[in-house]
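Engineer: This structure is in structure tokens; I'll ask about it shortly.
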There are 2 protein chains.
Amino acid sequence: MSFIACDWGTSRLRLRWRGPDGGCRETASDEGAARLAALGGDRAEAFAGALRRGLGRLGAPEGLPVVVSGMAGSSIGWRELPYARLPFALDGSGVLSEQVLPGVHLVSGVRGVSDMMRGEETQALGWAEQSGAALPAMATLVLPGTHSKHLRVESGAVTAIATFLTGELFEVLGRHSVLRHSIDAEADRQADSGDGDAGAFDEGVASSGRMALGAALFQVRVRQVLHGRPPAANRAFLSGLLIGAELRALPGDDTPIVLAAGSGLRESYSRAAAGCGLGPRWSAIEVDDLCELGQRRLWRRWSGG
Amino acid sequence: MSFIACDWGTSRLRLRWRGPDGGCRETASDEGAARLAALGGDRAEAFAGALRRGLGRLGAPEGLPVVVSGMAGSSIGWRELPYARLPFALDGSGVLSEQVLPGVHLVSGVRGVSDMMRGEETQALGWAEQSGAALPAMATLVLPGTHSKHLRVESGAVTAIATFLTGELFEVLGRHSVLRHSIDAEADRQADSGDGDAGAFDEGVASSGRMALGAALFQVRVRQVLHGRPPAANRAFLSGLLIGAELRALPGDDTPIVLAAGSGLRESYSRAAAGCGLGPRWSAIEVDDLCELGQRRLWRRWSGG
């Protein structure tokens with residue numbers, strides 16, 4: 001059951017091949033969908049060329065099928081695919097797919113009445129694949145990033161999607177609003193790891209529970225102007241505030257919450273979750289393999305494997 | 001009791017003189033504090049020159065005292081003044097002031113433990129001046145704008161300040177975030193008046209009560225991508241959402257809420273207030289005269305008039 005796993009994001013193209021010995025090759029480039037769409041000209045040719053170059057770098061055997069998730073199926077993608085609909089079964093039976101070249105299969109996004117995702121549906125399938133029989137009957141899967149997704153999972157299907165602008169608010173306010181004077185915009189996002197200034201991060205998480213977001217944001221400036229707090233601490237405060245505001249919007253029942261993220265976001269989201277009193281419901285896993293695992297689940301279904 | 005009223009904002013310089021016959025002359029320029037501070041060089045000279053030019057355009061009699069409120073007393077101003085402290089008495093007795101030239105009086109801002117204002121304290125004094133004996137014993141005065149201020153007034157003093165980033169979120173997200181693709185960034189801000197697309201504005205107000213702000217913001221994009229709603233309507237939705245989120249943070253008691261704003265914001269805030277169920281507590285007044293009225297109150301005190 002060998003195939004090439006392709007995660008085609010807005011800004012990155014990632015390819016991965018796992019050989020029969022389990023060894024894994026991977027390659028990534030910045031030929032994301034946004035850049036290719038901006039080229040103008042023949043869109044399909046641009047995407048086919050980028051994929052060809054990527055496969056060349058990967059050095060996998062020729063002729064393997066390619067499963068493509070993410071923005072390649074969007075309006076800025078190779079071909080715009082319709083969305084599958086909620087509820088979205090985690091056996092992959094609801095996925096819509098199209099071959100854009102022989103053996104190159106695009107995976108559709110998924111929509112509900114008032115939200116949608118492209119790419120995260122495959123990560124959700126990967127989480128189901130990884131969990132096997134241990135998949136919880138009810139849970140919220142949190143996939144943070146520029147646009148953080150909360151997927152409600154019930155009885156083996158995604159039943160609701162909610163998207164939070166968390167990562168984008170952090171970037172845009174840090175660069176373009178009055179808050180940029182109060183934070184260290186040029187520094188690495190070390191504050192996100194929670195260890196840049198853990199105390200300030202925790203204060204941000206606490207503020208998210210005490211006041212409306214629009215008012216709490218101004219506190220970033222207040223900390224600088226009235227209290228002389230340094231930029232790195234204010235940046236950590238902003239991060240804690242935005243993540244805290246996101247997590248406090250989770251339903252207040254006792255449903256388990258599963259975060260899937262890389263190590264930096266995993267640490268800061270987990271720290272914020274503890275600050276929001278979500279500790280007992282919380283677990284966190286690495287996100288890196290989920291796209292490939294989800295595509296494995298799909299490919300097994302499609303190939304009858 | 002004649003004086004020149006000067007409102008020196010971040011981006012605008014406004015001067016007004018009311019003659020003995022009650023007739024009013026006014027002049028405005030874009031020599032705001034931010035521009036003058038960016039010139040470098042001798043700050044006091046830059047501000048004195050801009051004031052001199054403004055007074056020339058105004059054509060008031062020479063030698064009148066000038067009362068200056070706003071950013072001229074800030075770190076980007078003519079001279080940085082310390083903040084007065086809460087509680088801030090609306091008889092003006094707590095104002096700190098300094099003469100930067102003979103007869104040119106800067107009015108200090110006001111701070112609490114965790115918020116501050118520069119300029120709005122003078123508008124609050126103006127509201128007290130205008131209200132006279134009808135000043136409510138308890139109220140929240142709402143002064144919307146780039147940074148919207150909510151001033152809690154109790155027994156003739158401001159006792160708390162809360163600042164909301166409402167106007168700046170609207171501008172920054174509309175220009176720099178993914179939402180820019182869904183709204184009509186080039187159009188006039190007609191949607192803010194509530195009549196661009198009143199239905200979409202109301203939907204935004206309703207959304208602010210149904211979901212966390214970070215998630216509701218993404219609905220601007222959902223409306224475009226899934227529902228094909230046009231840019232002007234999505235812009236009105238965003239406006240309603242942000243204003244609604246601000247107003248829902250008002251304390252849920254029965255304290256009167258007094259909005260002071262120009263006609264466009266007055267209409268949209270009042271519409272949002274109705275949507276939030278604040279109608280019975282709500283009244284709205286024109287903001288334009290409040291700075292001058294507040295300075296009149298101060299000048300009467302200072303001149304023993």
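Each chain of the structure tokens is named A, B, ... in the order shown, its residues numbered from 1; ligands are numbered from 1 in display order.
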Could you do a least-squares fit of chain B on chain A over every C-alpha atom, in sequence order, and give the output as a compact mmCIF listing (two decimals) with C-alpha atoms, in the first residue's frame?
Structural biologist:
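File part_38.txt, as written:
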# COMPACT_ATOMS: atom_id res chain seq x y z
CA MET B 1 0.04 -0.01 -0.05
CA SER B 2 2.60 2.55 -1.09
CA PHE B 3 1.66 6.08 -2.10
CA ILE B 4 3.09 9.59 -1.96
CA ALA B 5 1.56 11.81 0.71
CA CYS B 6 1.17 15.41 -0.39
CA ASP B 7 0.15 18.26 1.90
CA TRP B 8 -0.37 21.31 -0.31
CA GLY B 9 -0.87 24.32 1.91
CA THR B 10 -1.35 28.00 1.16
CA SER B 11 2.36 28.70 1.54
CA ARG B 12 4.09 25.28 1.57
CA LEU B 13 4.18 22.13 -0.53
CA ARG B 14 5.19 19.02 1.42
CA LEU B 15 5.74 15.53 0.00
CA ARG B 16 6.46 12.37 1.92
CA TRP B 17 7.06 8.78 0.93
CA ARG B 18 7.34 5.86 3.30
CA GLY B 19 9.20 2.94 1.74
CA PRO B 20 8.40 -0.72 2.33
CA ASP B 21 11.05 -0.80 5.08
CA GLY B 22 9.19 1.98 6.94
CA GLY B 23 11.91 4.49 6.16
CA CYS B 24 10.57 7.93 5.36
CA ARG B 25 11.70 10.50 2.80
CA GLU B 26 10.35 14.02 2.86
CA THR B 27 10.76 17.21 0.90
CA ALA B 28 9.19 20.64 1.23
CA SER B 29 9.25 23.82 -0.82
CA ASP B 30 7.60 27.22 -0.74
CA GLU B 31 5.58 26.47 -3.87
CA GLY B 32 2.36 26.82 -1.91
CA ALA B 33 -1.00 27.32 -3.59
CA ALA B 34 -1.04 31.09 -3.07
CA ARG B 35 2.25 31.57 -4.90
CA LEU B 36 1.28 29.33 -7.80
CA ALA B 37 -2.11 31.00 -8.14
CA ALA B 38 -0.42 34.40 -8.21
CA LEU B 39 1.67 33.36 -11.22
CA GLY B 40 -1.36 33.67 -13.49
CA GLY B 41 -1.25 31.62 -16.69
CA ASP B 42 -2.26 27.97 -16.82
CA ARG B 43 -3.01 26.96 -13.25
CA ALA B 44 -3.00 23.20 -13.87
CA GLU B 45 0.36 23.43 -15.58
CA ALA B 46 1.85 25.41 -12.69
CA PHE B 47 0.66 22.85 -10.14
CA ALA B 48 1.72 19.88 -12.26
CA GLY B 49 5.17 21.41 -12.70
CA ALA B 50 5.60 22.07 -8.99
CA LEU B 51 4.51 18.51 -8.19
CA ARG B 52 6.92 17.10 -10.79
CA ARG B 53 9.83 19.06 -9.32
CA GLY B 54 8.86 17.96 -5.81
CA LEU B 55 8.69 14.31 -6.82
CA GLY B 56 12.11 14.68 -8.42
CA ARG B 57 13.56 15.96 -5.16
CA LEU B 58 11.81 13.23 -3.19
CA GLY B 59 13.41 10.46 -5.27
CA ALA B 60 10.60 7.96 -4.72
CA PRO B 61 9.98 5.22 -7.29
CA GLU B 62 8.18 6.42 -10.42
CA GLY B 63 4.52 5.71 -10.98
CA LEU B 64 3.33 5.72 -7.36
CA PRO B 65 -0.08 7.26 -6.74
CA VAL B 66 -0.12 10.68 -5.08
CA VAL B 67 -2.78 11.72 -2.56
CA VAL B 68 -3.07 15.50 -2.23
CA SER B 69 -4.78 17.30 0.68
CA GLY B 70 -5.14 20.98 1.46
CA MET B 71 -5.43 24.06 -0.70
CA ALA B 72 -4.76 22.29 -4.01
CA GLY B 73 -8.52 21.64 -4.08
CA SER B 74 -9.50 25.24 -3.33
CA SER B 75 -10.26 28.29 -5.45
CA ILE B 76 -6.53 29.11 -5.41
CA GLY B 77 -5.66 25.47 -6.14
CA TRP B 78 -5.08 23.04 -8.93
CA ARG B 79 -8.81 22.46 -9.39
CA GLU B 80 -11.61 23.68 -7.14
CA LEU B 81 -13.40 20.70 -5.63
CA PRO B 82 -16.82 20.89 -4.00
CA TYR B 83 -16.81 20.45 -0.24
CA ALA B 84 -17.95 17.22 1.35
CA ARG B 85 -20.72 17.82 3.91
CA LEU B 86 -20.96 17.38 7.64
CA PRO B 87 -21.36 14.95 9.32
CA PHE B 88 -18.02 13.72 8.02
CA ALA B 89 -17.38 10.03 8.78
CA LEU B 90 -13.88 9.29 10.05
CA ASP B 91 -13.72 6.10 7.98
CA GLY B 92 -13.21 8.45 5.02
CA SER B 93 -16.32 7.27 3.19
CA GLY B 94 -17.62 10.84 2.73
CA VAL B 95 -14.53 12.26 1.04
CA LEU B 96 -14.97 13.58 -2.47
CA SER B 97 -11.92 13.18 -4.67
CA GLU B 98 -10.87 13.83 -8.22
CA GLN B 99 -7.87 12.80 -10.27
CA VAL B 100 -6.22 15.86 -11.78
CA LEU B 101 -3.64 13.66 -13.52
CA PRO B 102 -3.61 9.89 -13.78
CA GLY B 103 -2.79 8.71 -10.25
CA VAL B 104 -2.87 12.17 -8.67
CA HIS B 105 -5.89 12.29 -6.34
CA LEU B 106 -7.13 15.56 -4.81
CA VAL B 107 -8.98 15.26 -1.49
CA SER B 108 -11.94 17.58 -0.99
CA GLY B 109 -12.44 19.88 2.00
CA VAL B 110 -15.50 19.60 4.22
CA ARG B 111 -18.17 22.15 5.06
CA GLY B 112 -21.00 22.59 7.48
CA VAL B 113 -23.76 25.18 7.39
CA SER B 114 -21.47 27.95 8.55
CA ASP B 115 -17.85 26.82 8.53
CA MET B 116 -15.40 24.83 6.45
CA MET B 117 -11.93 23.29 6.30
CA ARG B 118 -9.43 22.12 3.70
CA GLY B 119 -6.65 19.87 4.90
CA GLU B 120 -7.78 19.49 8.50
CA GLU B 121 -10.31 16.82 7.44
CA THR B 122 -7.33 14.65 6.44
CA GLN B 123 -5.63 15.32 9.79
CA ALA B 124 -8.84 14.26 11.52
CA LEU B 125 -8.79 11.03 9.51
CA GLY B 126 -5.17 10.59 10.57
CA TRP B 127 -6.09 11.01 14.21
CA ALA B 128 -8.75 8.31 13.80
CA GLU B 129 -6.19 6.07 12.07
CA GLN B 130 -3.68 6.62 14.87
CA SER B 131 -6.26 6.14 17.63
CA GLY B 132 -7.83 2.99 16.24
CA ALA B 133 -10.21 1.47 18.77
CA ALA B 134 -9.14 4.09 21.33
CA LEU B 135 -10.88 6.88 19.38
CA PRO B 136 -13.09 8.60 21.96
CA ALA B 137 -16.84 8.47 21.38
CA MET B 138 -17.00 12.23 21.87
CA ALA B 139 -14.20 14.79 21.71
CA THR B 140 -13.11 18.11 20.32
CA LEU B 141 -10.02 17.93 18.11
CA VAL B 142 -8.13 21.25 18.16
CA LEU B 143 -5.81 21.98 15.22
CA PRO B 144 -4.15 25.35 15.91
CA GLY B 145 -2.47 27.58 13.36
CA THR B 146 -3.13 30.73 11.37
CA HIS B 147 -6.76 29.66 11.37
CA SER B 148 -7.29 27.35 14.30
CA LYS B 149 -9.90 24.64 13.78
CA HIS B 150 -12.05 23.01 16.46
CA LEU B 151 -13.65 19.81 15.22
CA ARG B 152 -16.44 18.27 17.23
CA VAL B 153 -16.27 14.49 16.92
CA GLU B 154 -19.21 12.30 17.87
CA SER B 155 -19.53 8.54 17.27
CA GLY B 156 -16.84 8.40 14.63
CA ALA B 157 -17.80 11.48 12.64
CA VAL B 158 -16.96 15.18 12.63
CA THR B 159 -20.26 16.92 13.36
CA ALA B 160 -19.22 20.56 13.72
CA ILE B 161 -16.39 22.88 12.67
CA ALA B 162 -15.43 26.17 14.30
CA THR B 163 -12.59 28.34 13.02
CA PHE B 164 -10.72 30.87 15.13
CA LEU B 165 -8.54 33.61 13.66
CA THR B 166 -6.04 33.21 16.53
CA GLY B 167 -2.75 32.93 14.64
CA GLU B 168 -3.69 35.59 12.13
CA LEU B 169 -4.76 38.03 14.85
CA PHE B 170 -1.37 37.53 16.50
CA GLU B 171 0.50 38.27 13.28
CA VAL B 172 -1.65 41.10 11.95
CA LEU B 173 -2.02 42.98 15.23
CA GLY B 174 1.66 42.52 15.99
CA ARG B 175 2.64 44.02 12.66
CA HIS B 176 -0.01 46.59 11.80
CA SER B 177 -1.81 47.83 14.93
CA VAL B 178 -0.81 50.22 17.71
CA LEU B 179 0.22 47.11 19.65
CA ARG B 180 3.28 46.74 17.46
CA HIS B 181 4.99 49.45 19.51
CA SER B 182 4.56 47.37 22.66
CA ILE B 183 5.81 43.98 21.46
CA ASP B 184 8.99 42.77 19.95
CA ALA B 185 7.83 42.29 16.38
CA GLU B 186 11.27 41.35 15.11
CA ALA B 187 11.97 38.65 17.66
CA ASP B 188 11.39 35.02 16.94
CA ARG B 189 8.06 33.70 18.09
CA GLN B 190 9.83 32.19 21.08
CA ALA B 191 7.15 33.59 23.35
CA ASP B 192 4.70 31.18 21.78
CA SER B 193 6.57 28.27 23.24
CA GLY B 194 5.54 29.57 26.63
CA ASP B 195 9.10 29.84 27.86
CA GLY B 196 9.86 33.33 26.57
CA ASP B 197 8.06 34.83 29.53
CA ALA B 198 5.81 32.25 31.11
CA GLY B 199 4.46 34.64 33.74
CA ALA B 200 3.33 37.18 31.15
CA PHE B 201 1.82 34.40 29.04
CA ASP B 202 -0.18 33.25 32.06
CA GLU B 203 -1.34 36.82 32.70
CA GLY B 204 -2.62 36.93 29.14
CA VAL B 205 -4.51 33.67 29.64
CA ALA B 206 -6.03 35.06 32.84
CA SER B 207 -7.02 38.33 31.11
CA SER B 208 -8.89 36.36 28.46
CA GLY B 209 -11.21 35.19 31.22
CA ARG B 210 -11.66 38.57 32.83
CA MET B 211 -12.51 40.89 29.95
CA ALA B 212 -13.81 41.06 26.42
CA LEU B 213 -11.13 40.39 23.81
CA GLY B 214 -11.36 43.89 22.29
CA ALA B 215 -10.56 45.43 25.68
CA ALA B 216 -7.98 42.84 26.73
CA LEU B 217 -6.01 43.54 23.54
CA PHE B 218 -5.52 47.15 24.63
CA GLN B 219 -3.93 45.81 27.82
CA VAL B 220 -0.89 44.91 25.71
CA ARG B 221 -0.33 48.64 25.29
CA VAL B 222 -1.26 49.47 28.88
CA ARG B 223 1.42 47.07 30.11
CA GLN B 224 4.02 49.01 28.18
CA VAL B 225 2.83 52.58 28.74
CA LEU B 226 1.76 52.40 32.39
CA HIS B 227 3.83 49.53 33.70
CA GLY B 228 6.98 49.58 31.58
CA ARG B 229 6.77 45.87 30.76
CA PRO B 230 9.34 44.82 28.13
CA PRO B 231 8.42 43.86 24.54
CA ALA B 232 9.08 40.11 24.86
CA ALA B 233 6.80 39.90 27.89
CA ASN B 234 4.06 41.86 26.14
CA ARG B 235 4.36 39.55 23.17
CA ALA B 236 3.95 36.53 25.44
CA PHE B 237 0.96 38.26 27.06
CA LEU B 238 -0.67 38.75 23.64
CA SER B 239 -0.06 35.10 22.78
CA GLY B 240 -1.58 33.90 26.06
CA LEU B 241 -4.53 36.25 25.63
CA LEU B 242 -5.42 35.05 22.13
CA ILE B 243 -4.95 31.36 22.89
CA GLY B 244 -6.86 31.73 26.15
CA ALA B 245 -9.76 33.44 24.37
CA GLU B 246 -9.87 30.60 21.87
CA LEU B 247 -9.83 27.83 24.47
CA ARG B 248 -12.46 29.50 26.64
CA ALA B 249 -14.86 29.21 23.71
CA LEU B 250 -14.76 25.40 23.96
CA PRO B 251 -18.05 23.94 25.15
CA GLY B 252 -18.18 23.84 28.94
CA ASP B 253 -19.09 20.18 29.26
CA ASP B 254 -16.71 17.36 30.13
CA THR B 255 -15.94 16.26 26.56
CA PRO B 256 -12.26 15.37 26.08
CA ILE B 257 -10.16 17.92 24.17
CA VAL B 258 -7.36 16.62 21.96
CA LEU B 259 -4.81 19.11 20.67
CA ALA B 260 -2.74 18.13 17.63
CA ALA B 261 0.17 20.51 17.00
CA GLY B 262 3.93 20.86 16.67
CA SER B 263 5.99 21.17 19.81
CA GLY B 264 5.91 24.98 20.18
CA LEU B 265 2.17 25.42 19.87
CA ARG B 266 1.62 22.21 21.81
CA GLU B 267 3.46 23.66 24.77
CA SER B 268 1.74 27.04 24.71
CA TYR B 269 -1.76 25.67 24.12
CA SER B 270 -1.29 23.11 26.88
CA ARG B 271 -0.08 25.80 29.27
CA ALA B 272 -3.09 27.98 28.39
CA ALA B 273 -5.44 25.02 28.80
CA ALA B 274 -4.16 24.50 32.33
CA GLY B 275 -4.72 28.21 33.02
CA CYS B 276 -8.29 27.91 31.76
CA GLY B 277 -8.99 24.95 34.01
CA LEU B 278 -9.20 22.52 31.10
CA GLY B 279 -6.42 20.28 32.40
CA PRO B 280 -8.60 17.28 33.32
CA ARG B 281 -10.10 17.14 29.80
CA TRP B 282 -6.84 17.84 27.95
CA SER B 283 -4.41 15.75 25.95
CA ALA B 284 -1.95 16.74 23.25
CA ILE B 285 -0.40 14.84 20.36
CA GLU B 286 2.12 15.59 17.62
CA VAL B 287 0.46 16.75 14.39
CA ASP B 288 3.28 16.02 11.98
CA ASP B 289 2.23 12.51 10.88
CA LEU B 290 -1.53 13.06 10.81
CA CYS B 291 -1.86 14.13 7.18
CA GLU B 292 0.04 11.08 5.95
CA LEU B 293 -1.91 8.78 8.29
CA GLY B 294 -5.22 10.20 7.10
CA GLN B 295 -4.23 9.69 3.48
CA ARG B 296 -3.16 6.15 4.33
CA ARG B 297 -6.67 5.52 5.63
CA LEU B 298 -8.11 6.98 2.41
CA TRP B 299 -5.76 5.11 0.13
CA ARG B 300 -6.50 1.80 1.85
CA ARG B 301 -10.20 2.42 1.21
CA TRP B 302 -9.71 3.52 -2.39
CA SER B 303 -7.33 0.73 -3.31
CA GLY B 304 -9.39 -1.89 -1.49
CA GLY B 305 -6.29 -2.61 0.61
Engineer: Give me every alpha helix (DSSP H) residue in range 79-248 of chain A, going by DSSP on the backbone, as an mmCIF file with C-alpha atoms, in the first residue's frame.
Structural biologist:
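Printed below is selection_17.cif as written:
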data_model
loop_
_atom_site.group_PDB
_atom_site.id
_atom_site.type_symbol
_atom_site.label_atom_id
_atom_site.label_comp_id
_atom_site.auth_asym_id
_atom_site.auth_seq_id
_atom_site.Cartn_x
_atom_site.Cartn_y
_atom_site.Cartn_z
ATOM 1 C CA GLU A 120 -7.773 19.507 8.501
ATOM 2 C CA GLU A 121 -10.287 16.829 7.435
ATOM 3 C CA THR A 122 -7.312 14.670 6.436
ATOM 4 C CA GLN A 123 -5.610 15.329 9.768
ATOM 5 C CA ALA A 124 -8.824 14.278 11.517
ATOM 6 C CA LEU A 125 -8.780 11.029 9.509
ATOM 7 C CA GLY A 126 -5.154 10.588 10.560
ATOM 8 C CA TRP A 127 -6.075 11.037 14.201
ATOM 9 C CA ALA A 128 -8.734 8.332 13.794
ATOM 10 C CA GLU A 129 -6.181 6.089 12.068
ATOM 11 C CA GLN A 130 -3.667 6.622 14.859
ATOM 12 C CA SER A 131 -6.241 6.152 17.620
ATOM 13 C CA THR A 166 -6.047 33.228 16.553
ATOM 14 C CA GLY A 167 -2.759 32.950 14.660
ATOM 15 C CA GLU A 168 -3.695 35.613 12.162
ATOM 16 C CA LEU A 169 -4.768 38.063 14.883
ATOM 17 C CA PHE A 170 -1.386 37.552 16.529
ATOM 18 C CA GLU A 171 0.477 38.297 13.312
ATOM 19 C CA VAL A 172 -1.673 41.124 11.988
ATOM 20 C CA LEU A 173 -2.044 43.010 15.278
ATOM 21 C CA GLY A 174 1.641 42.544 16.039
ATOM 22 C CA ARG A 175 2.611 44.058 12.709
ATOM 23 C CA HIS A 176 -0.029 46.616 11.858
ATOM 24 C CA ALA A 198 5.810 32.257 31.144
ATOM 25 C CA GLY A 199 4.458 34.631 33.761
ATOM 26 C CA ALA A 200 3.324 37.171 31.183
ATOM 27 C CA PHE A 201 1.817 34.410 29.067
ATOM 28 C CA ASP A 202 -0.190 33.251 32.093
ATOM 29 C CA GLU A 203 -1.349 36.823 32.740
ATOM 30 C CA GLY A 204 -2.631 36.934 29.158
ATOM 31 C CA VAL A 205 -4.518 33.673 29.678
ATOM 32 C CA ALA A 206 -6.043 35.074 32.877
ATOM 33 C CA SER A 207 -7.033 38.328 31.160
ATOM 34 C CA SER A 208 -8.903 36.371 28.497
ATOM 35 C CA GLY A 209 -11.213 35.189 31.259
ATOM 36 C CA ARG A 210 -11.653 38.572 32.877
ATOM 37 C CA LEU A 213 -11.136 40.393 23.863
ATOM 38 C CA GLY A 214 -11.386 43.890 22.340
ATOM 39 C CA ALA A 215 -10.583 45.433 25.740
ATOM 40 C CA ALA A 216 -8.005 42.845 26.784
ATOM 41 C CA LEU A 217 -6.030 43.548 23.596
ATOM 42 C CA PHE A 218 -5.540 47.161 24.695
ATOM 43 C CA GLN A 219 -3.964 45.811 27.876
ATOM 44 C CA VAL A 220 -0.909 44.920 25.767
ATOM 45 C CA ARG A 221 -0.358 48.651 25.342
ATOM 46 C CA VAL A 222 -1.278 49.477 28.940
ATOM 47 C CA ARG A 223 1.398 47.071 30.160
ATOM 48 C CA GLN A 224 4.000 49.018 28.218
ATOM 49 C CA VAL A 225 2.799 52.583 28.802
ATOM 50 C CA PRO A 231 8.403 43.884 24.584
ATOM 51 C CA ALA A 232 9.058 40.141 24.890
ATOM 52 C CA ALA A 233 6.780 39.898 27.927
ATOM 53 C CA ASN A 234 4.038 41.868 26.181
ATOM 54 C CA ARG A 235 4.348 39.571 23.191
ATOM 55 C CA ALA A 236 3.938 36.541 25.473
ATOM 56 C CA PHE A 237 0.945 38.259 27.095
ATOM 57 C CA LEU A 238 -0.687 38.763 23.674
ATOM 58 C CA SER A 239 -0.080 35.118 22.806
ATOM 59 C CA GLY A 240 -1.590 33.910 26.078
ATOM 60 C CA LEU A 241 -4.536 36.261 25.671
ATOM 61 C CA LEU A 242 -5.430 35.070 22.169
ATOM 62 C CA ILE A 243 -4.956 31.379 22.914
ATOM 63 C CA GLY A 244 -6.873 31.735 26.178
ATOM 64 C CA ALA A 245 -9.769 33.456 24.401
ATOM 65 C CA GLU A 246 -9.871 30.606 21.887
ATOM 66 C CA LEU A 247 -9.834 27.847 24.491
#
Engineer: Output as a ChimeraX atom specification all residues of range 18-197 of chain B that backbone DSSP marks as strand (DSSP E).
Structural biologist: /B:18,24-29,66-70,84-85,88-89,97-101,104-107,110-111,116-117,138-143,148-154,157-164
Engineer: Take the residues just selected and output them with C-alpha atoms as an mmCIF file, in the first residue's frame.
Structural biologist:
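Dumped everything to part-v8.cif:
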data_model
loop_
_atom_site.group_PDB
_atom_site.id
_atom_site.type_symbol
_atom_site.label_atom_id
_atom_site.label_comp_id
_atom_site.auth_asym_id
_atom_site.auth_seq_id
_atom_site.Cartn_x
_atom_site.Cartn_y
_atom_site.Cartn_z
ATOM 1 C CA ARG B 18 -16.200 81.283 20.070
ATOM 2 C CA CYS B 24 -17.802 80.133 16.194
ATOM 3 C CA ARG B 25 -14.695 79.935 14.015
ATOM 4 C CA GLU B 26 -12.912 76.652 13.477
ATOM 5 C CA THR B 27 -9.898 75.378 11.605
ATOM 6 C CA ALA B 28 -8.340 71.943 11.291
ATOM 7 C CA SER B 29 -5.179 70.564 9.744
ATOM 8 C CA VAL B 66 -5.157 78.461 24.440
ATOM 9 C CA VAL B 67 -6.314 75.282 26.188
ATOM 10 C CA VAL B 68 -4.893 72.142 24.593
ATOM 11 C CA SER B 69 -6.270 68.621 25.124
ATOM 12 C CA GLY B 70 -5.269 65.301 23.619
ATOM 13 C CA ALA B 84 -4.015 62.588 36.629
ATOM 14 C CA ARG B 85 -5.380 59.671 38.686
ATOM 15 C CA PHE B 88 -11.347 61.948 38.232
ATOM 16 C CA ALA B 89 -13.765 64.639 39.453
ATOM 17 C CA SER B 97 -1.847 71.209 33.507
ATOM 18 C CA GLU B 98 1.310 72.905 32.359
ATOM 19 C CA GLN B 99 1.997 76.001 30.307
ATOM 20 C CA VAL B 100 4.293 75.147 27.414
ATOM 21 C CA LEU B 101 4.287 78.788 26.285
ATOM 22 C CA VAL B 104 -0.762 77.882 26.211
ATOM 23 C CA HIS B 105 -2.088 75.335 28.725
ATOM 24 C CA LEU B 106 -1.725 71.580 28.166
ATOM 25 C CA VAL B 107 -4.357 69.377 29.838
ATOM 26 C CA VAL B 110 -6.014 60.458 33.256
ATOM 27 C CA ARG B 111 -5.046 56.950 34.316
ATOM 28 C CA MET B 116 -5.693 55.462 30.555
ATOM 29 C CA MET B 117 -7.000 58.221 28.283
ATOM 30 C CA MET B 138 -24.312 56.764 37.699
ATOM 31 C CA ALA B 139 -23.665 56.132 34.011
ATOM 32 C CA THR B 140 -21.236 54.781 31.481
ATOM 33 C CA LEU B 141 -20.063 57.340 28.930
ATOM 34 C CA VAL B 142 -19.069 55.637 25.656
ATOM 35 C CA LEU B 143 -16.697 57.540 23.356
ATOM 36 C CA SER B 148 -13.223 53.282 22.044
ATOM 37 C CA LYS B 149 -13.382 54.441 25.661
ATOM 38 C CA HIS B 150 -15.965 53.423 28.260
ATOM 39 C CA LEU B 151 -15.929 55.748 31.255
ATOM 40 C CA ARG B 152 -17.744 54.702 34.383
ATOM 41 C CA VAL B 153 -19.166 57.788 36.094
ATOM 42 C CA GLU B 154 -20.301 57.692 39.705
ATOM 43 C CA ALA B 157 -16.403 61.482 39.007
ATOM 44 C CA VAL B 158 -14.962 59.059 36.474
ATOM 45 C CA THR B 159 -14.120 55.942 38.473
ATOM 46 C CA ALA B 160 -13.069 53.471 35.785
ATOM 47 C CA ILE B 161 -11.762 53.473 32.208
ATOM 48 C CA ALA B 162 -11.960 50.609 29.718
ATOM 49 C CA THR B 163 -10.508 50.840 26.221
ATOM 50 C CA PHE B 164 -11.660 48.716 23.292
#
